[in-house]
Each structure stands twice: as structure tokens, then as C-alpha cells.
$ cat upload_30.cif   # mmCIF, C-alpha atoms (C1' of nucleotides)
data_coords
#
loop_
_atom_site.label_atom_id
_atom_site.label_comp_id
_atom_site.auth_asym_id
_atom_site.auth_seq_id
_atom_site.Cartn_x
_atom_site.Cartn_y
_atom_site.Cartn_z
CA MET M 1 24.43 38.11 11.81
CA ALA M 2 23.59 34.49 11.15
CA VAL M 3 20.74 34.77 8.67
CA ARG M 4 19.42 37.94 7.18
CA ALA M 5 15.87 38.79 8.14
CA ASP M 6 14.58 38.81 4.58
CA ALA M 7 16.13 35.45 3.93
CA GLN M 8 14.29 33.93 6.86
CA ARG M 9 11.05 35.53 5.72
CA ASN M 10 11.46 34.11 2.25
CA ARG M 11 12.28 30.70 3.62
CA ASP M 12 9.06 30.73 5.60
CA ARG M 13 7.05 31.88 2.62
CA ILE M 14 8.53 29.15 0.47
CA LEU M 15 7.74 26.47 3.01
CA ALA M 16 4.19 27.75 3.42
CA ALA M 17 3.66 27.78 -0.33
CA ALA M 18 5.17 24.33 -0.65
CA ARG M 19 2.92 22.98 2.08
CA ASP M 20 -0.10 24.35 0.24
CA LEU M 21 0.77 23.04 -3.17
CA VAL M 22 2.19 19.72 -2.05
CA ALA M 23 -0.95 19.11 -0.02
CA GLU M 24 -2.94 19.38 -3.23
CA ALA M 25 -0.69 17.99 -5.91
CA GLY M 26 1.82 15.91 -3.98
CA VAL M 27 5.16 15.44 -5.67
CA ASP M 28 3.73 16.88 -8.86
CA ALA M 29 3.72 20.37 -7.45
CA THR M 30 6.24 22.28 -9.58
CA MET M 31 9.07 24.44 -8.32
CA GLU M 32 7.85 27.32 -10.45
CA ASP M 33 4.36 27.18 -8.99
CA ILE M 34 5.74 27.10 -5.48
CA ALA M 35 7.99 30.05 -6.27
CA ARG M 36 5.10 32.02 -7.74
CA GLN M 37 2.85 31.36 -4.75
CA ALA M 38 5.67 32.30 -2.40
CA GLY M 39 6.26 35.50 -4.32
CA VAL M 40 9.89 34.76 -5.12
CA ALA M 41 11.88 33.56 -8.12
CA VAL M 42 12.81 29.93 -8.63
CA GLY M 43 16.43 30.65 -7.92
CA THR M 44 15.47 31.57 -4.39
CA LEU M 45 14.02 28.12 -3.77
CA TYR M 46 17.37 26.66 -4.70
CA ARG M 47 19.22 28.99 -2.37
CA HIS M 48 17.23 27.56 0.52
CA PHE M 49 16.87 23.98 -0.68
CA PRO M 50 19.56 22.39 -2.85
CA ALA M 51 17.03 20.34 -4.78
CA LYS M 52 13.30 19.80 -5.04
CA GLU M 53 13.68 16.64 -3.06
CA ASP M 54 14.99 18.63 -0.10
CA LEU M 55 12.04 20.99 -0.18
CA LEU M 56 9.66 18.04 -0.28
CA ALA M 57 11.55 16.50 2.61
CA ALA M 58 11.05 19.65 4.66
CA VAL M 59 7.33 19.61 3.94
CA VAL M 60 6.98 15.97 4.86
CA ASP M 61 8.96 16.53 8.03
CA ASP M 62 6.47 19.18 8.90
CA SER M 63 3.59 16.79 8.39
CA THR M 64 5.32 14.12 10.40
CA ASP M 65 5.53 16.61 13.19
CA GLN M 66 1.79 17.22 12.99
CA LEU M 67 1.26 13.51 13.12
CA ALA M 68 3.41 13.19 16.21
CA GLU M 69 1.52 15.99 17.89
CA LEU M 70 -1.86 14.49 17.16
CA THR M 71 -0.72 11.15 18.49
CA GLU M 72 0.89 12.60 21.57
CA ALA M 73 -2.25 14.59 22.30
CA ALA M 74 -4.28 11.40 22.11
CA LEU M 75 -1.85 9.65 24.40
CA ALA M 76 -2.06 12.50 26.87
CA GLU M 77 -5.82 12.19 26.93
CA VAL M 78 -5.53 8.54 27.81
CA GLU M 79 -2.97 9.36 30.47
CA ARG M 80 -5.49 11.80 31.86
CA GLY M 81 -7.93 8.93 32.26
CA ALA M 82 -9.94 8.95 29.03
CA ALA M 83 -11.12 5.61 27.68
CA VAL M 84 -8.61 4.19 25.23
CA GLY M 85 -11.08 2.90 22.66
CA PRO M 86 -12.78 6.16 21.76
CA VAL M 87 -9.50 8.07 21.81
CA VAL M 88 -7.84 5.73 19.35
CA THR M 89 -10.91 5.70 17.17
CA GLY M 90 -10.97 9.48 17.24
CA LEU M 91 -7.32 9.73 16.34
CA PHE M 92 -7.81 7.38 13.45
CA ARG M 93 -10.73 9.42 12.20
CA THR M 94 -8.88 12.70 12.52
CA VAL M 95 -5.83 11.52 10.67
CA ALA M 96 -7.91 9.89 7.96
CA SER M 97 -9.93 13.02 7.39
CA ARG M 98 -6.81 15.14 7.10
CA TYR M 99 -5.47 12.86 4.43
CA ALA M 100 -8.08 14.18 2.10
CA ASP M 101 -6.63 17.65 2.37
CA ASP M 102 -2.94 16.90 2.66
CA ARG M 103 -1.02 14.42 0.60
CA ALA M 104 2.13 15.25 2.47
CA LEU M 105 0.54 13.98 5.65
CA LYS M 106 -0.13 10.67 3.98
CA ALA M 107 3.47 10.50 2.90
CA ALA M 108 4.47 11.32 6.46
CA ALA M 109 2.45 8.44 7.82
CA GLY M 110 4.07 6.18 5.27
CA ARG M 111 7.42 6.93 6.86
CA LEU M 112 6.32 5.26 10.06
CA GLY M 113 5.56 2.18 8.02
CA PRO M 114 7.21 -1.19 7.68
CA GLY M 115 10.62 -0.15 8.90
CA ALA M 116 13.60 1.22 7.05
CA ASP M 117 13.39 -1.64 4.59
CA LEU M 118 10.74 0.36 2.80
CA GLY M 119 12.90 3.36 2.05
CA ALA M 120 11.17 3.96 -1.22
CA HIS M 121 7.57 4.26 -0.19
CA LEU M 122 4.43 5.97 -1.39
CA ASP M 123 5.10 7.94 -4.50
CA ALA M 124 8.71 6.90 -4.13
CA GLU M 125 10.13 10.39 -4.50
CA LEU M 126 8.75 11.38 -1.15
CA ALA M 127 10.90 8.87 0.64
CA VAL M 128 13.09 11.02 2.76
CA ALA M 129 16.13 10.40 4.85
CA GLY M 130 15.06 13.40 6.97
CA PRO M 131 15.46 13.93 10.71
CA GLU M 132 14.77 10.57 12.23
CA SER M 133 13.90 12.26 15.47
CA VAL M 134 10.50 13.47 14.43
CA VAL M 135 9.68 10.12 12.90
CA ARG M 136 10.71 8.37 16.06
CA ARG M 137 8.58 10.69 18.14
CA ALA M 138 5.46 9.83 16.17
CA MET M 139 6.30 6.15 16.20
CA GLU M 140 6.81 5.98 19.91
CA ALA M 141 3.61 7.78 20.79
CA LEU M 142 1.62 5.57 18.47
CA THR M 143 3.25 2.41 19.75
CA THR M 144 2.47 3.29 23.34
CA LEU M 145 -1.10 4.12 22.42
CA LEU M 146 -1.51 0.77 20.72
CA GLU M 147 -0.14 -1.12 23.69
CA ARG M 148 -2.66 0.54 25.93
CA SER M 149 -5.45 -0.29 23.52
CA VAL M 150 -4.52 -3.93 23.40
CA THR M 151 -4.18 -4.10 27.17
CA ALA M 152 -7.58 -2.48 27.52
CA GLY M 153 -8.99 -5.09 25.15
CA GLU M 154 -10.07 -2.44 22.70
CA LEU M 155 -8.05 -3.85 19.86
CA ARG M 156 -7.17 -7.35 18.76
CA ALA M 157 -4.14 -8.52 20.67
CA ASP M 158 -2.05 -8.98 17.56
CA VAL M 159 -2.36 -5.47 16.15
CA THR M 160 1.00 -3.89 15.40
CA LEU M 161 2.24 -0.44 14.50
CA ASP M 162 2.82 -1.59 10.96
CA ASP M 163 -0.76 -2.76 10.73
CA VAL M 164 -2.11 0.60 11.71
CA VAL M 165 0.22 2.49 9.40
CA MET M 166 -0.67 0.22 6.53
CA MET M 167 -4.38 0.67 7.09
CA LEU M 168 -3.92 4.41 7.31
CA ASP M 169 -2.06 4.30 4.06
CA GLY M 170 -5.10 2.79 2.44
CA VAL M 171 -7.36 5.67 3.34
CA PRO M 172 -8.81 7.10 0.12
CA GLY M 173 -7.93 10.64 -0.88
CA ARG M 174 -9.88 13.61 -2.14
CA GLU M 175 -11.32 11.75 -5.08
CA VAL M 176 -13.57 9.79 -2.75
CA PRO M 177 -16.48 11.53 -1.00
CA ALA M 178 -16.01 12.18 2.70
CA ALA M 179 -18.84 9.83 3.59
CA MET M 180 -17.07 6.96 1.88
CA ARG M 181 -13.83 7.81 3.60
CA GLU M 182 -15.53 7.59 6.96
CA ARG M 183 -16.92 4.29 5.93
CA TYR M 184 -13.40 3.08 5.22
CA VAL M 185 -12.37 4.06 8.71
CA ASP M 186 -15.39 2.31 10.19
CA ILE M 187 -14.62 -0.90 8.40
CA VAL M 188 -10.96 -0.81 9.39
CA ILE M 189 -11.74 -0.10 13.01
CA ALA M 190 -14.21 -2.96 13.01
CA GLY M 191 -11.49 -5.14 11.56
CA LEU M 192 -8.97 -4.12 14.20
CA THR M 193 -11.38 -4.46 17.08
CA ALA M 194 -11.23 -7.56 19.22
CA ARG M 195 -13.99 -10.04 18.55
CA THR M 196 -15.56 -11.15 21.84
CA MET G 1 -8.73 -7.34 -46.59
CA ALA G 2 -9.71 -5.78 -43.33
CA VAL G 3 -6.41 -5.75 -41.46
CA ARG G 4 -3.09 -6.94 -42.69
CA ALA G 5 -1.64 -9.90 -40.86
CA ASP G 6 1.52 -8.11 -39.80
CA ALA G 7 -0.50 -5.22 -38.50
CA GLN G 8 -2.49 -7.51 -36.27
CA ARG G 9 0.65 -9.19 -35.06
CA ASN G 10 2.21 -5.86 -34.14
CA ARG G 11 -0.93 -4.74 -32.40
CA ASP G 12 -0.82 -7.83 -30.25
CA ARG G 13 2.84 -7.36 -29.49
CA ILE G 14 2.26 -3.77 -28.50
CA LEU G 15 -0.57 -4.69 -26.18
CA ALA G 16 1.49 -7.44 -24.60
CA ALA G 17 4.41 -5.10 -24.03
CA ALA G 18 2.10 -2.43 -22.67
CA ARG G 19 0.52 -4.89 -20.27
CA ASP G 20 3.94 -5.84 -18.98
CA LEU G 21 5.27 -2.36 -18.50
CA VAL G 22 2.06 -0.81 -17.24
CA ALA G 23 1.76 -3.59 -14.70
CA GLU G 24 5.10 -2.51 -13.30
CA ALA G 25 5.23 1.22 -13.78
CA GLY G 26 1.59 2.17 -14.22
CA VAL G 27 0.97 5.36 -16.17
CA ASP G 28 4.66 6.14 -15.99
CA ALA G 29 5.51 3.46 -18.51
CA THR G 30 6.87 5.37 -21.52
CA MET G 31 5.78 4.96 -25.10
CA GLU G 32 9.37 4.43 -26.15
CA ASP G 33 9.90 1.63 -23.64
CA ILE G 34 6.73 -0.06 -24.76
CA ALA G 35 7.77 0.27 -28.39
CA ARG G 36 11.20 -1.18 -27.65
CA GLN G 37 9.80 -4.14 -25.75
CA ALA G 38 7.29 -4.74 -28.53
CA GLY G 39 10.06 -4.62 -31.11
CA VAL G 40 8.53 -1.81 -33.14
CA ALA G 41 9.10 1.92 -33.55
CA VAL G 42 7.11 4.49 -31.62
CA GLY G 43 5.30 5.56 -34.72
CA THR G 44 3.71 2.15 -34.86
CA LEU G 45 2.16 2.59 -31.45
CA TYR G 46 0.50 5.72 -32.75
CA ARG G 47 -0.82 3.95 -35.80
CA HIS G 48 -2.70 1.56 -33.56
CA PHE G 49 -3.54 3.92 -30.73
CA PRO G 50 -4.10 7.62 -31.41
CA ALA G 51 -2.61 8.61 -28.06
CA LYS G 52 -0.98 7.09 -25.03
CA GLU G 53 -4.23 7.41 -23.18
CA ASP G 54 -5.88 5.09 -25.67
CA LEU G 55 -3.21 2.46 -25.22
CA LEU G 56 -3.58 2.67 -21.47
CA ALA G 57 -7.32 2.37 -21.88
CA ALA G 58 -6.87 -0.82 -23.84
CA VAL G 59 -4.66 -2.27 -21.13
CA VAL G 60 -7.05 -1.35 -18.36
CA ASP G 61 -9.94 -2.79 -20.35
CA ASP G 62 -8.01 -5.98 -20.46
CA SER G 63 -7.56 -6.02 -16.74
CA THR G 64 -11.18 -5.21 -16.19
CA ASP G 65 -11.97 -8.26 -18.23
CA GLN G 66 -9.76 -10.39 -15.99
CA LEU G 67 -11.55 -8.97 -13.01
CA ALA G 68 -14.91 -9.86 -14.47
CA GLU G 69 -13.77 -13.37 -15.19
CA LEU G 70 -12.46 -13.92 -11.69
CA THR G 71 -15.69 -12.65 -10.22
CA GLU G 72 -17.88 -14.66 -12.54
CA ALA G 73 -15.90 -17.77 -11.75
CA ALA G 74 -16.48 -17.17 -8.06
CA LEU G 75 -20.15 -16.65 -8.67
CA ALA G 76 -20.34 -19.86 -10.65
CA GLU G 77 -18.80 -21.74 -7.75
CA VAL G 78 -21.46 -20.44 -5.44
CA GLU G 79 -24.12 -21.31 -7.97
CA ARG G 80 -22.68 -24.81 -7.97
CA GLY G 81 -23.31 -24.99 -4.24
CA ALA G 82 -20.06 -23.78 -2.68
CA ALA G 83 -20.27 -21.87 0.59
CA VAL G 84 -20.46 -18.14 -0.07
CA GLY G 85 -18.13 -17.00 2.70
CA PRO G 86 -14.98 -18.86 1.67
CA VAL G 87 -15.56 -18.10 -2.00
CA VAL G 88 -15.80 -14.37 -1.42
CA THR G 89 -12.82 -14.43 0.90
CA GLY G 90 -10.87 -16.34 -1.69
CA LEU G 91 -11.81 -13.91 -4.43
CA PHE G 92 -10.73 -11.02 -2.28
CA ARG G 93 -7.41 -12.68 -1.58
CA THR G 94 -6.80 -13.50 -5.21
CA VAL G 95 -7.53 -10.04 -6.46
CA ALA G 96 -5.48 -8.44 -3.71
CA SER G 97 -2.49 -10.62 -4.43
CA ARG G 98 -2.65 -9.81 -8.12
CA TYR G 99 -2.56 -6.13 -7.33
CA ALA G 100 1.00 -6.48 -6.30
CA ASP G 101 1.95 -7.58 -9.78
CA ASP G 102 -0.37 -5.48 -11.88
CA ARG G 103 -1.11 -1.84 -11.37
CA ALA G 104 -3.47 -1.89 -14.31
CA LEU G 105 -5.66 -4.34 -12.43
CA LYS G 106 -5.90 -1.93 -9.57
CA ALA G 107 -6.90 0.81 -11.96
CA ALA G 108 -9.46 -1.56 -13.43
CA ALA G 109 -11.01 -2.19 -10.03
CA GLY G 110 -11.15 1.54 -9.50
CA ARG G 111 -13.45 1.81 -12.49
CA LEU G 112 -16.09 -0.20 -10.70
CA GLY G 113 -15.92 2.32 -7.91
CA PRO G 114 -18.21 5.06 -6.72
CA GLY G 115 -20.10 5.47 -9.94
CA ALA G 116 -19.44 7.69 -12.89
CA ASP G 117 -19.09 10.63 -10.53
CA LEU G 118 -15.54 9.51 -10.03
CA GLY G 119 -14.46 9.81 -13.63
CA ALA G 120 -11.01 10.89 -12.60
CA HIS G 121 -9.92 8.10 -10.36
CA LEU G 122 -6.72 6.47 -9.30
CA ASP G 123 -3.79 8.12 -10.94
CA ALA G 124 -6.29 10.23 -12.77
CA GLU G 125 -4.82 9.57 -16.19
CA LEU G 126 -6.06 6.02 -16.12
CA ALA G 127 -9.65 7.12 -16.02
CA VAL G 128 -11.05 5.73 -19.20
CA ALA G 129 -14.28 6.15 -21.03
CA GLY G 130 -13.71 2.67 -22.46
CA PRO G 131 -16.25 -0.04 -23.31
CA GLU G 132 -18.79 0.15 -20.55
CA SER G 133 -19.79 -3.41 -21.28
CA VAL G 134 -16.82 -5.04 -19.62
CA VAL G 135 -17.12 -2.77 -16.61
CA ARG G 136 -20.77 -3.59 -16.29
CA ARG G 137 -20.02 -7.29 -16.49
CA ALA G 138 -17.62 -7.14 -13.57
CA MET G 139 -19.96 -4.94 -11.59
CA GLU G 140 -22.94 -7.20 -12.03
CA ALA G 141 -21.12 -10.35 -11.06
CA LEU G 142 -19.69 -8.71 -7.96
CA THR G 143 -23.01 -7.21 -6.98
CA THR G 144 -24.75 -10.56 -7.21
CA LEU G 145 -21.99 -12.20 -5.21
CA LEU G 146 -22.33 -9.60 -2.49
CA GLU G 147 -26.08 -10.03 -2.30
CA ARG G 148 -25.62 -13.75 -1.78
CA SER G 149 -23.06 -13.11 0.93
CA VAL G 150 -25.31 -10.77 2.81
CA THR G 151 -28.24 -13.16 2.50
CA ALA G 152 -26.05 -15.98 3.77
CA GLY G 153 -25.06 -13.80 6.70
CA GLU G 154 -21.43 -13.93 5.74
CA LEU G 155 -21.07 -10.19 5.44
CA ARG G 156 -22.52 -7.26 7.31
CA ALA G 157 -25.94 -6.45 5.91
CA ASP G 158 -24.94 -2.96 4.88
CA VAL G 159 -21.94 -3.84 2.73
CA THR G 160 -22.16 -2.32 -0.74
CA LEU G 161 -20.29 -2.71 -4.00
CA ASP G 162 -18.64 0.64 -3.42
CA ASP G 163 -17.40 -0.51 -0.05
CA VAL G 164 -15.70 -3.52 -1.48
CA VAL G 165 -14.16 -1.62 -4.36
CA MET G 166 -12.89 1.03 -1.99
CA MET G 167 -11.32 -1.52 0.31
CA LEU G 168 -9.73 -3.25 -2.65
CA ASP G 169 -8.34 0.07 -3.74
CA GLY G 170 -6.56 0.34 -0.43
CA VAL G 171 -4.63 -2.86 -0.91
CA PRO G 172 -0.93 -2.07 -0.74
CA GLY G 173 1.23 -2.61 -3.79
CA ARG G 174 4.61 -4.17 -4.45
CA GLU G 175 6.39 -1.94 -1.96
CA VAL G 176 4.77 -3.83 0.90
CA PRO G 177 5.80 -7.43 1.65
CA ALA G 178 3.29 -10.10 0.69
CA ALA G 179 2.75 -11.06 4.32
CA MET G 180 1.63 -7.55 5.15
CA ARG G 181 -0.67 -7.47 2.18
CA GLU G 182 -2.37 -10.62 3.37
CA ARG G 183 -2.73 -9.02 6.74
CA TYR G 184 -4.50 -6.10 5.11
CA VAL G 185 -6.96 -8.46 3.52
CA ASP G 186 -7.52 -10.25 6.82
CA ILE G 187 -8.31 -7.04 8.61
CA VAL G 188 -10.65 -5.85 5.89
CA ILE G 189 -12.50 -9.14 5.76
CA ALA G 190 -12.84 -9.06 9.52
CA GLY G 191 -14.25 -5.56 9.21
CA LEU G 192 -16.75 -6.60 6.57
CA THR G 193 -17.85 -9.73 8.36
CA ALA G 194 -21.06 -9.71 10.31
CA ARG G 195 -20.65 -9.57 14.07
CA THR G 196 -22.90 -12.18 15.71
"C1'" DG Z 1 5.74 -9.92 -60.80
"C1'" DT Z 2 3.61 -5.58 -60.47
"C1'" DT Z 3 1.41 -2.28 -57.98
"C1'" DG Z 4 -1.23 0.44 -54.75
"C1'" DA Z 5 -2.34 1.11 -50.41
"C1'" DA Z 6 -1.66 -0.17 -45.65
"C1'" DG Z 7 1.81 -0.25 -42.47
"C1'" DG Z 8 6.29 0.97 -40.34
"C1'" DT Z 9 10.16 4.07 -39.24
"C1'" DG Z 10 12.67 7.29 -36.27
"C1'" DA Z 11 14.51 11.88 -36.44
"C1'" DA Z 12 12.64 16.08 -35.10
"C1'" DC Z 13 9.35 19.15 -32.70
"C1'" DG Z 14 6.80 20.94 -28.73
"C1'" DT Z 15 6.23 21.02 -24.00
"C1'" DA Z 16 6.98 20.83 -19.23
"C1'" DC Z 17 10.02 20.07 -15.86
"C1'" DC Z 18 14.32 20.71 -12.65
"C1'" DT Z 19 18.45 23.09 -12.15
"C1'" DT Z 20 22.30 26.52 -12.84
"C1'" DC Z 21 24.66 30.92 -12.89
"C1'" DA Z 22 26.06 35.50 -14.34
"C1'" DT Z 23 24.11 39.54 -12.89
"C1'" DC Z 24 21.63 42.72 -10.09
"C1'" DT Z 25 19.66 44.11 -5.30
"C1'" DT Z 26 19.61 44.92 -0.52
"C1'" DA Z 27 20.18 44.22 4.51
"C1'" DG Z 28 22.88 45.60 8.10
"C1'" DC Z 29 27.33 46.85 10.09
"C1'" DC Z 30 30.95 50.79 10.15
"C1'" DG F 1 25.82 57.32 3.69
"C1'" DG F 2 29.01 53.75 2.00
"C1'" DC F 3 30.33 49.21 1.60
"C1'" DT F 4 30.16 44.32 1.06
"C1'" DA F 5 28.72 39.92 1.51
"C1'" DA F 6 24.36 37.53 1.56
"C1'" DG F 7 20.50 37.13 -1.04
"C1'" DA F 8 17.46 37.36 -5.15
"C1'" DT F 9 16.60 37.16 -10.02
"C1'" DG F 10 15.02 34.82 -14.25
"C1'" DA F 11 16.79 33.67 -18.71
"C1'" DA F 12 19.02 29.74 -20.44
"C1'" DG F 13 20.60 24.82 -20.30
"C1'" DG F 14 19.60 20.07 -19.86
"C1'" DT F 15 16.56 16.21 -19.84
"C1'" DA F 16 12.67 13.33 -20.51
"C1'" DC F 17 8.40 12.87 -22.37
"C1'" DG F 18 4.43 12.51 -25.92
"C1'" DT F 19 3.44 13.23 -30.53
"C1'" DT F 20 4.00 14.12 -35.62
"C1'" DC F 21 5.18 13.32 -40.40
"C1'" DA F 22 7.80 12.85 -44.66
"C1'" DC F 23 9.69 8.99 -46.30
"C1'" DC F 24 10.53 4.03 -46.79
"C1'" DT F 25 8.90 -1.06 -46.64
"C1'" DT F 26 5.89 -4.87 -47.25
"C1'" DC F 27 1.56 -7.33 -47.73
"C1'" DA F 28 -1.64 -9.24 -50.77
"C1'" DA F 29 -4.91 -8.74 -54.63
"C1'" DC F 30 -4.55 -9.14 -59.47
#
$ encode --input "upload_30.cif" --output "C-alpha cells"
Amino acid sequence: MAVRADAQRNRDRILAAARDLVAEAGVDATMEDIARQAGVAVGTLYRHFPAKEDLLAAVVDDSTDQLAELTEAALAEVERGAAVGPVVTGLFRTVASRYADDRALKAAAGRLGPGADLGAHLDAELAVAGPESVVRRAMEALTTLLERSVTAGELRADVTLDDVVMMLDGVPGREVPAAMRERYVDIVIAGLTART
Amino acid sequence: MAVRADAQRNRDRILAAARDLVAEAGVDATMEDIARQAGVAVGTLYRHFPAKEDLLAAVVDDSTDQLAELTEAALAEVERGAAVGPVVTGLFRTVASRYADDRALKAAAGRLGPGADLGAHLDAELAVAGPESVVRRAMEALTTLLERSVTAGELRADVTLDDVVMMLDGVPGREVPAAMRERYVDIVIAGLTART
DNA sequence: GTTGAAGGTGAACGTACCTTCATCTTAGCC
DNA sequence: GGCTAAGATGAAGGTACGTTCACCTTCAAC
């Protein structure tokens, strides 16, 4: 018996609750609120995660995974013959729109950012040492996608991964109406597109 | 005797200290730290400002004023015959670079944003009801400047005040190297520039 | 120089967190 | 069913804030 069934169930509930609340409130989500939403006592959170930081790390890891999947899906589309331009634009739009509903995702994107030199990034506390693997996965897919875009002449030749991550980081959150957020994306894409 | 001399002196010291610390730490600057740096006791802060929020408001008002001055100066240059494009670009660069050193300035720019409907903006707590006058000043100067730019064909015809404020809001802070920040501005300006 | 009020002080209070731990509960093997 | 270790509980501890207030200090008018 490695882990008891109820323990696993509680762990899942806690993560789900944390995802929910962190999406809304970011690092300000409290342990007590998460515990309440998960239907357990605070002590239980600490049995599964030594400190709040570790729980946040797990949530952000999760979001990083989502990010990797979205990017890999986009890459697969291109591999299947889709035009690079629209795919990249679509990916950008999708990620940006999810930002509004998930602050953890934004933090996740930040992790891809300007290298390890930016350990403390975006709301500082969310900087996580977490599994590099998932970060690397997202980074690699995005890098490949960018190379294709540049080759296809869909983006300025000098666009880097850092550029894209930085611009994504600037996407406004919930406080800005969706229409404005789309406008942000439009302007950024225009800025990243090769002038002819 | 309206205000005692020492009272005025302390008020100034408090504001100066608050400017310093808020520039660095934003809303997280503590009252005690501000008091220490100002060389007074906490109680004195509360004599001059009923609550922390009021002190923050005063600081942000100050920054809004700076913003207005920068914009008005730019407008004056144009009025004096300078080319609109470079002036606007320069203003954008200046403001963006100051963001890195002053979080209150960023908050101030946020106030010009998507109307009153966004009362709670940027770090929420910094939303201030403050003197509308100074906000209006900055808004009017920037609006005029944008109109000139569009007329001169230097910016896309559909660029609005909200657009510019939103893009300014996306400028990365201290955590991002200056070179990257400049790159952000480049990309945004490219995105806002009329395609011919 | 006296005096009254404006101004200043900082310990103490209230609150909201994260975290711990002695104690109780329960899953799952025999 | 009994047993025991894994798991859960939640009150209590610790910390870091913002804010208050009873008490002192100092300016400046006379």
C-alpha cells in the first residue's frame, strides 16, 4: 500500500480547489479558503504540501503543462500542413484569453521568460524551482513554432522566445474588458509581423 | 496660523519617503517603513493621512502629475513644429523607462485607462478617487497628441487613448532587463504604426 | 515667558495570514 | 472484527500588518 485511497482523493480535491482559487486570486488565495473549498481542514493541506509555496508550485506546474499542450497542439497542426501564420496567431489569442480566467497560467508563462536569471518573476512568490521538464517541454515547442514562423516570413526575423513570452506577460487580466484584451493581442501581433 | 511649519516639513518628508518606497515596493510598502525613512513615528503619518490608502493616493497623484507634465511637454514640442512621430515615440520610451523605477507611475498611467468603469485597476488598492483634475490634464494632453499623430499618419487611424494606456500598462517592470523593456516598446510602437 | 492648541509619539490592539502539533479517525491488511 | 500506521483535524502559536489613543512635546501668538 503506497498511498491510501482517501489520501489520494484529498490530494486531488486540494489541487482542484487550489487551481480554482489561485486562478482568481493568484498568490493571495489563502490556505484556509483552499481547505474549505476542498472540504478538508488546513492541516491536511500541510500533509500533502509542506508549505503554501509548494502548493502554488504544483498549481503553476499544472498550468505550465496546459501551456505546453496548447503549444504542442499548434505545432502539430503546422506539421500537418496548416499555415504557420494563422496557427501562431490563434495560439497567441487562445493563451491571451485564458489569462483572463487563470492567473496561474500567466505565472506559468512567466517561467518560460528571460532565462533562469529571472528566478523571481511575476508576483515573485510564484517563482518556482519546480520540475524543469514541463517548462522545457513548453519552451521547446514554442521555440520550434517560432522558427517555422520566421522561416515562413510570418514574423519578423528577429523575434525571439523571450520576446513572445514578454509580450504575453503584458496581456491585461480580468480587469480589462475582453474586447480590449483582443485589441492588445492585435497590436502585438501587428508589431511582431514582418513589415514587407 | 494655518499649518505649523514643522507640520508642513513632516508632511513633505513623509511624502518623499512614501514616493521612494512606493516606487520600489508599490502597495506593499509598509507604513512603518515609510515612517522610519521619513524620520517620524507612525502616528504622524496618520495625522497627515487618515489611512494608508490616502497616502498612496497622494503619491499616485504626484505621479499622475509627472505624467501630465511629460505629455504636455511633448505636445508643446509638436506645437513648436517638431515632427509628431519621433515625439510620440520618445514620450513612449521615456514613460516606459520610468516605469522600471517607479511603480506609482505605472499606477498613475492606469488611472487614465478604460474610463471610470475600471475603478479597481492595477493592484486594486491603488485605485484612487483622487483629484480628477490632474488625471484630466494628463488625459487631455495625451488625447490631443494622439489626434495629431493620427492626422500626421504616424499612427494607425484607429488608435485610441485606451489603447495607448493599455499598452503602457503592459510594460515590464524592474524584473526585466532594460534591453528587453526597450524591445517591448519597439514592438508596441511597430504595432501602433500605420502600415503603408 | 507663558500658555493653549496643534503636532508628535510609540506601545498596544485588532486582524488576517501561514504554520504546527497533540489528538482523534479511518483505511486496509491479518 | 481487531489492529496499527497513515491520515485528518482544528485550536493555538507566531508573525506582520494597519490603525488607534492616551500621553508628551513644541510652535507661535500674546
$ interface_residues --input "upload_30.cif" --of "chain M" --to "chain Z" --cutoff "10 Å" --atoms "only C-alpha atoms (C1' of nucleotides)" --output "list in words"
Met1, Arg4, Ala5, Asp6, Ala7, Asp28, Thr30, Met31, Glu32, Val42, Gly43, Tyr46, Pro50, Ala51 and Lys52 of chain M
$ residues_around --input "upload_30.cif" --residues "region 105-109 of chain G" --least-positions-apart "4" --cutoff "6 Å" --atoms "all atoms listed in the file" --output "CSV table (one decimal) with C-alpha atoms, in the frame of the given file"
chain,number,residue,atom,x,y,z
G,60,VAL,CA,-7.0,-1.4,-18.4
G,63,SER,CA,-7.6,-6.0,-16.7
G,64,THR,CA,-11.2,-5.2,-16.2
G,99,TYR,CA,-2.6,-6.1,-7.3
$ closest_residue --input "upload_30.cif" --among "M:Arg11, M:Arg98, M:Arg47, M:Arg181" --to "chain F" --atoms "all atoms listed in the file"
M:Arg47
$ interface_residues --input "upload_30.cif" --of "chain F" --to "chain M" --cutoff "9 Å" --atoms "all atoms listed in the file" --output "PDB file with C-alpha atoms (C1' of nucleotides), in the coordinates of the input"
ATOM      1  C1'  DA F   6      24.360  37.530   1.560  1.00  0.00           C
ATOM      2  C1'  DG F   7      20.500  37.130  -1.040  1.00  0.00           C
ATOM      3  C1'  DA F   8      17.460  37.360  -5.150  1.00  0.00           C
ATOM      4  C1'  DT F   9      16.600  37.160 -10.020  1.00  0.00           C
ATOM      5  C1'  DG F  10      15.020  34.820 -14.250  1.00  0.00           C
TER       6       DG F  10
END
$ resolve_selection --input "upload_30.cif" --expression "the PyMOL selection byres ((chain M) within 6 of (chain G))" --output "list in words"
Gly170, Ile187, Val188, Ala190 and Gly191 of chain M
$ resolve_selection --input "upload_30.cif" --expression "the PyMOL selection byres ((chain G and resi 135-152) around 10)" --output "number ranges by chain"
G: 61, 64-76, 78-79, 83-88, 108-109, 111-113, 130-134, 153-162, 164-165, 193-194
$ atom_distance --input "upload_30.cif" --atom1 "C1' of DA5 (chain F)" --atom2 "CA of Ala38 (chain M)"
24.6 Å
$ residues_around --input "upload_30.cif" --residues "Ala25 (chain G)" --least-positions-apart "3" --cutoff "10 Å" --atoms "all atoms listed in the file" --output "PyMOL selection string"
chain G and resi 20-22+28-30+102-104
$ atom_distance --input "upload_30.cif" --atom1 "CA of Val59 (chain G)" --atom2 "CA of Arg19 (chain G)"
5.9 Å
$ residues_around --input "upload_30.cif" --residues "Arg93 (chain G)" --least-positions-apart "3" --cutoff "8 Å" --atoms "only C-alpha atoms (C1' of nucleotides)" --output "NGL selection string"
:G and (89-90 or 96-97 or 182 or 185)
$ write_last_selection --input "upload_30.cif" --atoms "C-alpha atoms" --output "short mmCIF file (atom, residue, chain, number, x, y, z; two decimals), in the coordinates of the input"
data_model
loop_
_atom_site.label_atom_id
_atom_site.label_comp_id
_atom_site.auth_asym_id
_atom_site.auth_seq_id
_atom_site.Cartn_x
_atom_site.Cartn_y
_atom_site.Cartn_z
CA THR G 89 -12.82 -14.43 0.90
CA GLY G 90 -10.87 -16.34 -1.69
CA ALA G 96 -5.48 -8.44 -3.71
CA SER G 97 -2.49 -10.62 -4.43
CA GLU G 182 -2.37 -10.62 3.37
CA VAL G 185 -6.96 -8.46 3.52
#
$ atom_distance --input "upload_30.cif" --atom1 "CA of Ala57 (chain M)" --atom2 "CA of Asp101 (chain G)"
28.7 Å
